[in-house]
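For reference, start.txt is printed below; it contains compact mmCIF, C-alpha atoms.
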# COMPACT_ATOMS: atom_id res chain seq x y z
CA MET A 1 23.85 -146.76 99.36
CA SER A 2 23.89 -145.01 96.01
CA THR A 3 26.70 -142.64 95.14
CA ASN A 4 24.37 -140.62 92.90
CA LYS A 5 24.23 -136.93 93.77
CA ARG A 6 20.89 -136.20 95.43
CA ALA A 7 19.24 -132.80 95.68
CA TYR A 8 18.53 -131.29 99.07
CA ASN A 9 14.80 -131.85 98.59
CA PHE A 10 12.56 -129.67 100.79
CA ASN A 11 9.50 -129.93 98.54
CA ALA A 12 6.15 -129.68 100.32
CA GLY A 13 4.54 -132.50 98.34
CA PRO A 14 5.10 -134.60 96.39
CA SER A 15 8.17 -134.67 98.56
CA ALA A 16 11.31 -136.63 99.38
CA LEU A 17 11.14 -140.41 99.54
CA PRO A 18 13.69 -142.54 101.41
CA LEU A 19 16.64 -143.32 99.16
CA GLU A 20 16.66 -146.93 100.37
CA VAL A 21 13.04 -147.32 99.24
CA LEU A 22 13.73 -145.82 95.82
CA GLU A 23 16.69 -148.12 95.32
CA ARG A 24 14.70 -151.18 96.40
CA ALA A 25 11.92 -150.23 93.99
CA GLN A 26 14.49 -149.69 91.25
CA LYS A 27 15.81 -153.24 91.71
CA GLU A 28 12.30 -154.69 91.63
CA LEU A 29 10.86 -152.42 88.95
CA VAL A 30 11.16 -154.73 85.96
CA ASN A 31 10.89 -158.09 87.71
CA TYR A 32 9.01 -158.12 91.01
CA ASN A 33 9.73 -161.11 93.23
CA GLY A 34 10.62 -163.41 90.33
CA THR A 35 7.29 -162.94 88.52
CA GLY A 36 8.87 -161.60 85.34
CA MET A 37 6.59 -158.56 85.64
CA SER A 38 6.68 -155.14 87.21
CA ILE A 39 4.24 -154.58 90.06
CA MET A 40 2.67 -152.02 87.70
CA GLU A 41 1.89 -154.74 85.15
CA MET A 42 0.35 -157.19 87.56
CA SER A 43 -3.34 -157.92 88.10
CA HIS A 44 -4.69 -156.41 91.29
CA ARG A 45 -6.50 -159.75 91.77
CA SER A 46 -3.27 -161.77 91.68
CA LYS A 47 -1.84 -163.63 94.67
CA GLU A 48 1.40 -161.64 94.39
CA TYR A 49 -0.31 -158.26 94.50
CA ASP A 50 -2.71 -159.40 97.23
CA GLU A 51 0.29 -160.03 99.47
CA VAL A 52 1.71 -156.55 98.76
CA HIS A 53 -1.68 -154.94 99.45
CA ASN A 54 -2.32 -156.72 102.75
CA ASN A 55 1.26 -156.30 103.95
CA ALA A 56 0.90 -152.53 103.51
CA ILE A 57 -2.36 -152.50 105.48
CA ASN A 58 -0.92 -154.68 108.25
CA ARG A 59 2.28 -152.65 108.51
CA LEU A 60 0.31 -149.43 108.84
CA LYS A 61 -1.92 -150.96 111.52
CA LYS A 62 1.11 -152.22 113.43
CA ILE A 63 3.14 -149.00 113.31
CA LEU A 64 0.21 -146.80 114.33
CA SER A 65 -1.23 -149.36 116.79
CA VAL A 66 -4.59 -149.16 115.01
CA PRO A 67 -7.29 -150.79 117.19
CA ASP A 68 -9.26 -153.75 115.84
CA ASN A 69 -12.47 -151.71 115.53
CA TYR A 70 -10.99 -149.62 112.68
CA ASP A 71 -10.62 -150.28 108.96
CA VAL A 72 -7.67 -149.08 106.91
CA LEU A 73 -8.64 -148.07 103.37
CA PHE A 74 -6.54 -147.16 100.34
CA LEU A 75 -8.53 -144.68 98.24
CA GLN A 76 -7.84 -142.18 95.47
CA GLY A 77 -8.64 -138.51 94.96
CA GLY A 78 -6.34 -137.16 97.65
CA ALA A 79 -7.38 -135.42 100.85
CA SER A 80 -9.40 -133.07 98.65
CA LEU A 81 -11.90 -135.83 97.85
CA GLN A 82 -12.12 -136.61 101.56
CA PHE A 83 -13.20 -133.00 102.14
CA THR A 84 -16.32 -134.07 100.23
CA MET A 85 -16.71 -137.72 101.24
CA VAL A 86 -16.74 -137.01 104.98
CA PRO A 87 -19.78 -134.69 104.94
CA MET A 88 -21.49 -136.74 102.21
CA ASN A 89 -21.33 -139.81 104.42
CA PHE A 90 -21.82 -138.33 107.87
CA LEU A 91 -23.42 -134.86 107.85
CA THR A 92 -27.15 -135.48 108.30
CA LYS A 93 -29.87 -132.85 107.87
CA ASP A 94 -30.56 -132.59 111.59
CA GLN A 95 -26.92 -132.28 112.67
CA THR A 96 -24.07 -129.79 112.46
CA ALA A 97 -20.43 -130.39 111.58
CA SER A 98 -17.89 -128.26 113.45
CA TYR A 99 -14.67 -127.22 111.72
CA VAL A 100 -11.55 -125.80 113.33
CA LEU A 101 -9.88 -123.43 110.86
CA THR A 102 -6.10 -123.33 111.06
CA GLY A 103 -5.16 -122.72 107.43
CA SER A 104 -6.03 -123.03 103.76
CA TRP A 105 -6.77 -126.76 103.74
CA SER A 106 -9.15 -126.63 106.69
CA GLU A 107 -10.90 -123.72 104.95
CA LYS A 108 -11.34 -125.87 101.85
CA ALA A 109 -12.69 -128.78 103.89
CA TYR A 110 -15.16 -126.42 105.59
CA LYS A 111 -16.25 -124.99 102.24
CA GLU A 112 -17.03 -128.48 100.92
CA ALA A 113 -19.02 -129.41 104.02
CA LYS A 114 -21.26 -126.39 103.59
CA LEU A 115 -22.39 -127.84 100.25
CA PHE A 116 -23.98 -130.78 102.07
CA GLY A 117 -25.39 -129.39 105.29
CA ASN A 118 -24.94 -127.15 108.28
CA ALA A 119 -21.21 -126.62 108.90
CA VAL A 120 -19.95 -124.11 111.46
CA VAL A 121 -16.60 -122.76 112.61
CA ALA A 122 -15.70 -124.26 115.99
CA ALA A 123 -12.56 -122.11 116.32
CA SER A 124 -10.31 -120.13 114.00
CA THR A 125 -6.94 -118.41 114.06
CA LYS A 126 -7.44 -116.65 110.73
CA GLU A 127 -7.46 -113.19 112.30
CA ASN A 128 -3.95 -113.89 113.57
CA GLY A 129 -2.77 -114.86 110.09
CA TYR A 130 -2.91 -118.55 111.05
CA ARG A 131 0.19 -118.14 113.17
CA ASN A 132 -1.00 -120.50 115.89
CA ILE A 133 -3.24 -123.44 116.77
CA PRO A 134 -6.31 -122.59 118.90
CA LYS A 135 -6.22 -123.47 122.57
CA LEU A 136 -8.26 -126.57 123.32
CA ASP A 137 -10.72 -124.65 125.50
CA GLU A 138 -11.46 -122.25 122.62
CA ILE A 139 -13.04 -124.98 120.50
CA GLN A 140 -16.85 -124.72 120.54
CA PHE A 141 -18.95 -127.72 119.53
CA ASN A 142 -22.16 -129.44 120.61
CA GLU A 143 -22.66 -132.96 121.91
CA ASN A 144 -25.00 -133.84 119.06
CA ASP A 145 -22.66 -132.64 116.28
CA ALA A 146 -22.05 -135.06 113.43
CA TYR A 147 -18.30 -134.62 113.92
CA VAL A 148 -15.51 -132.15 114.70
CA HIS A 149 -12.92 -131.68 111.95
CA ILE A 150 -9.31 -130.56 112.35
CA THR A 151 -6.19 -130.38 110.15
CA SER A 152 -3.34 -131.77 112.24
CA ASN A 153 -0.53 -129.94 110.44
CA ASN A 154 -0.71 -126.89 108.21
CA THR A 155 1.76 -127.05 105.36
CA ILE A 156 1.26 -123.49 104.14
CA TYR A 157 1.49 -121.68 107.48
CA GLY A 158 3.82 -124.07 109.34
CA THR A 159 1.68 -124.83 112.39
CA GLN A 160 0.93 -128.18 114.02
CA TRP A 161 -1.33 -129.49 116.76
CA LYS A 162 0.76 -130.59 119.76
CA GLN A 163 -2.25 -132.00 121.60
CA PHE A 164 -5.54 -133.09 120.09
CA PRO A 165 -8.96 -132.09 121.45
CA ASN A 166 -11.06 -134.56 123.38
CA THR A 167 -14.46 -134.49 121.69
CA GLY A 168 -16.10 -137.19 123.80
CA ASN A 169 -18.85 -139.00 121.91
CA VAL A 170 -18.59 -136.68 118.91
CA PRO A 171 -16.29 -138.27 116.29
CA LEU A 172 -13.06 -136.35 115.77
CA VAL A 173 -12.08 -136.25 112.09
CA ALA A 174 -8.52 -135.29 111.14
CA ASP A 175 -6.79 -134.48 107.89
CA MET A 176 -3.29 -135.75 108.71
CA SER A 177 -1.88 -135.54 105.20
CA SER A 178 1.31 -133.74 106.15
CA ASP A 179 2.28 -135.23 109.50
CA ILE A 180 0.92 -138.76 109.70
CA MET A 181 3.69 -141.24 110.49
CA SER A 182 5.92 -138.45 111.87
CA ARG A 183 5.21 -139.09 115.57
CA PRO A 184 3.22 -141.44 117.82
CA PHE A 185 -0.42 -140.59 118.54
CA ASP A 186 -3.52 -142.35 119.83
CA VAL A 187 -5.65 -143.49 116.90
CA SER A 188 -8.56 -144.32 119.23
CA GLN A 189 -9.05 -140.60 119.88
CA PHE A 190 -10.33 -140.22 116.30
CA GLY A 191 -13.36 -141.39 114.37
CA ILE A 192 -11.71 -140.83 110.98
CA ILE A 193 -8.16 -140.02 109.94
CA TYR A 194 -7.30 -139.37 106.31
CA ALA A 195 -4.05 -138.53 104.59
CA GLY A 196 -2.72 -138.07 101.09
CA ALA A 197 0.39 -140.23 100.76
CA GLN A 198 2.68 -137.72 99.09
CA LYS A 199 4.32 -136.26 102.21
CA ASN A 200 5.32 -139.07 104.59
CA LEU A 201 3.73 -142.24 103.20
CA GLY A 202 4.79 -142.62 99.59
CA PRO A 203 4.16 -141.18 96.12
CA SER A 204 1.06 -139.22 95.19
CA GLY A 205 -2.01 -141.18 94.12
CA VAL A 206 -2.88 -143.07 97.30
CA THR A 207 -5.06 -141.71 100.10
CA VAL A 208 -5.08 -143.54 103.41
CA VAL A 209 -8.30 -143.53 105.45
CA ILE A 210 -8.42 -144.97 108.96
CA ILE A 211 -12.07 -145.17 109.98
CA ARG A 212 -14.00 -146.62 112.90
CA LYS A 213 -16.15 -149.54 111.78
CA ASP A 214 -19.27 -148.37 113.61
CA LEU A 215 -19.17 -145.10 111.68
CA ILE A 216 -19.12 -146.96 108.38
CA GLU A 217 -22.34 -148.71 109.39
CA LYS A 218 -23.98 -145.38 110.32
CA ALA A 219 -23.05 -143.62 107.09
CA ASN A 220 -25.48 -142.33 104.47
CA THR A 221 -26.48 -145.21 102.18
CA GLU A 222 -28.01 -143.05 99.44
CA LEU A 223 -24.76 -142.17 97.74
CA PRO A 224 -22.98 -143.17 94.52
CA THR A 225 -21.21 -146.48 95.05
CA MET A 226 -17.67 -145.15 94.83
CA LEU A 227 -18.36 -142.39 97.37
CA LYS A 228 -19.42 -144.76 100.16
CA TYR A 229 -16.77 -145.82 102.65
CA LYS A 230 -18.64 -149.11 103.05
CA THR A 231 -17.99 -150.00 99.40
CA HIS A 232 -14.25 -149.90 99.97
CA ALA A 233 -14.30 -151.40 103.47
CA ASP A 234 -16.34 -154.39 102.31
CA LYS A 235 -13.93 -155.09 99.44
CA ASN A 236 -10.64 -154.42 101.28
CA SER A 237 -10.04 -151.39 99.02
CA LEU A 238 -10.23 -153.64 95.95
CA TYR A 239 -13.71 -152.75 94.68
CA ASN A 240 -12.05 -151.20 91.64
CA THR A 241 -8.44 -151.18 90.47
CA PRO A 242 -6.40 -149.48 93.21
CA PRO A 243 -3.19 -147.49 92.57
CA THR A 244 -1.11 -150.65 92.83
CA PHE A 245 2.36 -149.18 92.41
CA GLY A 246 1.61 -146.41 94.90
CA ILE A 247 0.42 -148.95 97.46
CA TYR A 248 3.53 -151.05 96.87
CA MET A 249 5.68 -147.96 97.48
CA LEU A 250 3.66 -147.05 100.56
CA GLY A 251 4.31 -150.52 101.96
CA GLU A 252 8.03 -150.10 101.34
CA VAL A 253 8.05 -146.69 103.06
CA LEU A 254 6.34 -148.30 106.06
CA ARG A 255 9.00 -151.03 106.07
CA TRP A 256 11.60 -148.26 106.12
CA VAL A 257 9.85 -146.63 109.11
CA GLU A 258 10.14 -149.95 110.96
CA GLU A 259 13.82 -150.17 110.00
CA GLN A 260 14.42 -146.69 111.46
CA GLY A 261 13.10 -147.85 114.83
CA GLY A 262 9.43 -146.90 114.52
CA LEU A 263 7.60 -143.70 115.34
CA GLU A 264 9.51 -142.82 118.51
CA ALA A 265 12.81 -142.83 116.61
CA ILE A 266 11.25 -140.98 113.67
CA GLN A 267 9.89 -138.27 115.98
CA LYS A 268 13.24 -137.81 117.72
CA ARG A 269 14.98 -137.36 114.39
CA ASN A 270 12.29 -134.96 113.14
CA GLU A 271 12.73 -132.84 116.27
CA GLU A 272 16.48 -132.75 115.70
CA LYS A 273 16.08 -131.76 112.04
CA ALA A 274 13.61 -128.97 112.75
CA LYS A 275 15.71 -127.59 115.60
CA TYR A 276 18.68 -126.98 113.31
CA ILE A 277 16.58 -124.64 111.16
CA TYR A 278 14.46 -123.05 113.89
CA ASP A 279 17.65 -122.23 115.81
CA VAL A 280 18.99 -120.26 112.84
CA ILE A 281 15.73 -118.30 112.68
CA ASP A 282 15.67 -117.62 116.43
CA GLU A 283 19.34 -116.58 116.57
CA SER A 284 19.17 -114.30 113.51
CA ASN A 285 18.00 -111.15 115.35
CA GLY A 286 15.10 -110.76 112.94
CA PHE A 287 17.00 -111.41 109.71
CA TYR A 288 14.82 -114.52 109.36
CA ARG A 289 11.31 -114.18 110.78
CA GLY A 290 9.37 -117.34 111.54
CA HIS A 291 5.67 -117.24 110.68
CA ALA A 292 4.35 -119.67 113.31
CA GLU A 293 4.29 -118.81 117.00
CA PRO A 294 6.82 -120.99 118.88
CA GLY A 295 4.18 -123.04 120.73
CA SER A 296 2.50 -124.01 117.46
CA ARG A 297 5.55 -124.63 115.28
CA SER A 298 5.41 -127.54 112.88
CA LEU A 299 8.12 -130.18 112.76
CA MET A 300 7.18 -130.82 109.13
CA ASN A 301 6.96 -127.36 107.50
CA ILE A 302 9.20 -124.54 108.67
CA THR A 303 7.90 -121.22 107.32
CA PHE A 304 9.80 -117.94 107.43
CA ARG A 305 10.25 -114.57 105.76
CA LEU A 306 13.19 -112.28 105.15
CA ALA A 307 13.22 -108.48 105.44
CA ASP A 308 11.80 -107.81 101.97
CA GLU A 309 10.79 -109.62 98.81
CA GLU A 310 13.98 -108.73 96.94
CA LEU A 311 16.10 -110.33 99.64
CA GLU A 312 13.82 -113.38 99.62
CA LYS A 313 14.24 -113.71 95.85
CA GLN A 314 17.99 -113.55 96.27
CA PHE A 315 17.89 -116.11 99.09
CA LEU A 316 15.84 -118.53 96.99
CA ALA A 317 18.03 -118.02 93.91
CA GLU A 318 21.26 -118.64 95.83
CA ALA A 319 19.71 -121.61 97.61
CA LYS A 320 18.70 -123.14 94.28
CA ALA A 321 22.20 -122.65 92.92
CA ALA A 322 23.56 -124.40 96.01
CA GLY A 323 21.40 -127.49 95.36
CA PHE A 324 18.39 -126.78 97.58
CA VAL A 325 14.98 -127.58 96.06
CA GLY A 326 11.48 -126.56 97.15
CA LEU A 327 12.24 -123.70 99.54
CA ASN A 328 9.65 -121.35 98.03
CA GLY A 329 6.66 -120.64 100.23
CA HIS A 330 3.22 -121.62 98.96
CA ARG A 331 2.10 -119.47 96.04
CA SER A 332 -0.79 -118.10 98.14
CA VAL A 333 1.42 -116.57 100.85
CA GLY A 334 4.94 -116.30 99.44
CA GLY A 335 7.99 -116.31 101.68
CA CYS A 336 10.11 -119.39 102.32
CA ARG A 337 9.34 -122.88 103.55
CA ALA A 338 11.49 -125.89 104.35
CA SER A 339 9.47 -129.10 104.48
CA THR A 340 11.41 -131.55 106.63
CA TYR A 341 9.33 -134.70 106.21
CA ASN A 342 10.50 -138.09 107.46
CA ALA A 343 12.58 -138.92 104.39
CA VAL A 344 14.51 -135.62 104.40
CA PRO A 345 17.90 -136.64 105.84
CA VAL A 346 19.49 -134.90 108.82
CA GLU A 347 22.41 -133.95 106.56
CA ALA A 348 20.12 -131.88 104.33
CA CYS A 349 18.87 -129.90 107.33
CA ILE A 350 22.41 -129.27 108.55
CA ALA A 351 23.36 -128.11 105.05
CA LEU A 352 20.40 -125.71 105.00
CA ARG A 353 21.30 -124.42 108.44
CA ASP A 354 24.85 -123.70 107.27
CA PHE A 355 23.62 -122.05 104.08
CA MET A 356 21.24 -119.80 106.07
CA TYR A 357 24.05 -118.74 108.42
CA GLU A 358 26.32 -117.91 105.49
CA PHE A 359 23.58 -116.02 103.63
CA GLN A 360 22.90 -113.89 106.68
CA LYS A 361 26.61 -113.09 107.12
CA LYS A 362 26.81 -111.91 103.49
CA HIS A 363 23.63 -109.84 103.43
CA GLN A 364 23.15 -108.45 106.90

Structure rendered as structure tokens:
Amino acid sequence: MSTNKRAYNFNAGPSALPLEVLERAQKELVNYNGTGMSIMEMSHRSKEYDEVHNNAINRLKKILSVPDNYDVLFLQGGASLQFTMVPMNFLTKDQTASYVLTGSWSEKAYKEAKLFGNAVVAASTKENGYRNIPKLDEIQFNENDAYVHITSNNTIYGTQWKQFPNTGNVPLVADMSSDIMSRPFDVSQFGIIYAGAQKNLGPSGVTVVIIRKDLIEKANTELPTMLKYKTHADKNSLYNTPPTFGIYMLGEVLRWVEEQGGLEAIQKRNEEKAKYIYDVIDESNGFYRGHAEPGSRSLMNITFRLADEELEKQFLAEAKAAGFVGLNGHRSVGGCRASTYNAVPVEACIALRDFMYEFQKKHQ
């Protein structure tokens, strides 16, 4: 392990990466696997890179227990491009797409879908300030819908789905950018899962798409080549030059997940980390006020406010001076947010807990 002083990094994305992965990449940066080249300098058609690429795909399939009737794609453009690609490929003129609104990112996905066809709101918690996830029986959709879209974890508001809806024969599409790889779940419940890498999977620049093969075959064929899922599925995500270094890093993060004991161990540690901070909030007698309702609380993004904006500014300033990074809430809502993604160590969460206790003692 490095002795370098590391920040307590609670950034919401790009966010903390495992130190072991960074150090491994550092060792291999100039000369990868005896090639005399960095992975960044290597042809994406080379045997050496091909092994890196396929190892990353296979590791992801293994960790998530991805069934054989799904493809794993490495794309670019972030989840934001997927907001567009999903309706472009699957929202036909005679169908409706149903969107569950639980925060800003689901709103943006819904807005994009409306550019391509009939998109409707299947459920929303906007009137409640996005403090909770809708109950499963509140979600309204039709059996002939093109798909139902959800956002599994809401970084800005700090809410997370604990149980996913059963949509039967209607494909369930999920933006899992901020909680994929944080807990076990059943991939077969979904038609499409997509996720920007920059929270739990690696550096920014790679977007993972897990998509059922039968859906690829049903997709709209009258699209630009790069916007068809089939283009990328047919070429193993090598139709054009992929973000090779990002995929290499993603593969190393997945190796680290395996070394930690897999998703069950990761989830247990994430629950422990979040509890340290939620306990401070719950025991503060209102000094810290959590945004999310307890039943919908995220294990990835812990959002809270203090009594007034001046006190929040002071909290954030003192936290920064104490070595904590990224505790500002999203610019659209303000407040405070601790993003406790997989790579954030337990020690950082304990340190934040202790800092929050001390700050309350001084300012109550």

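In terms of minimum interatomic distance to Pro165 of chain A, A:Asp137 ranks closest within A:Asp186, A:Asp145, A:Asp137, A:Glu258, counting all atoms listed in the file.
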
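Using all atoms listed in the file, the nearest neighbour of Glu20 of chain A within the list A:Asn301, A:Thr167, A:Gln260, A:Asn58 is A:Gln260.
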
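Within 8 Å of the file-frame point (-25.0, -130.2, 111.5), and using all atoms listed in the file, the polymer residues found are Leu91, Thr92, Lys93, Asp94, Gln95, Thr96, Ala97, Ser98, Gly117, Asn118, Ala119, Val120, Asp145 and Ala146 of chain A.
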
Return as a tab-separated table the residues of segment 117-232 of chain A lying at most 8 Å from segment 338-360 of chain A, together with the closest atom-to-atom pair for each and the distance in Å to one decimal, counting only C-alpha atoms, with rows in chain order and ascending residue number.
residue	atom	partner	partner_atom	distance
A:Asp179	CA	A:Tyr341	CA	7.8
A:Ser182	CA	A:Asn342	CA	6.4
A:Lys199	CA	A:Tyr341	CA	6.6
A:Asn200	CA	A:Asn342	CA	6.0

Quick one: residues within 12 Å of (-6.4, -124.6, 119.8) (file frame), counting only C-alpha atoms, please, as a ChimeraX atom specification.
/A:99-102,122-125,130-140,150-152,159-166,295-296

I need the residue nearest Cys336 of chain A from this list: A:Tyr229, A:Tyr157, A:Trp256, A:Tyr49. Use all atoms listed in the file for the distance.
A:Tyr157

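The coordinates place atom CA of Ile57 of chain A at 17.9 Å from atom CA of Ile216 of chain A.
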
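Distance annotation: of A:Phe141, A:Met181, A:Ile192, A:Phe304, the residue with the minimal separation from Gly168 of chain A is A:Phe141; atom set is only C-alpha atoms.
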
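When the distance limit is 7 Å and only C-alpha atoms are what count, the residues near Pro203 of chain A, minus those fewer than 4 positions from it on the same chain, are Pro14, Ala197, Gln198 and Gly246 of chain A.
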
Between A:Val209, A:Gln364, A:Phe324, A:Phe90, which is the closest to Asn11 of chain A once you count only C-alpha atoms?
A:Phe324

Mind checking which residues fall within 9 Å of Asp71 of chain A, counting all atoms listed in the file, ignoring those fewer than 4 positions away in the same chain, and posting them as an MDAnalysis selection string?
chainID A and resid 66:67 209:213 233 236
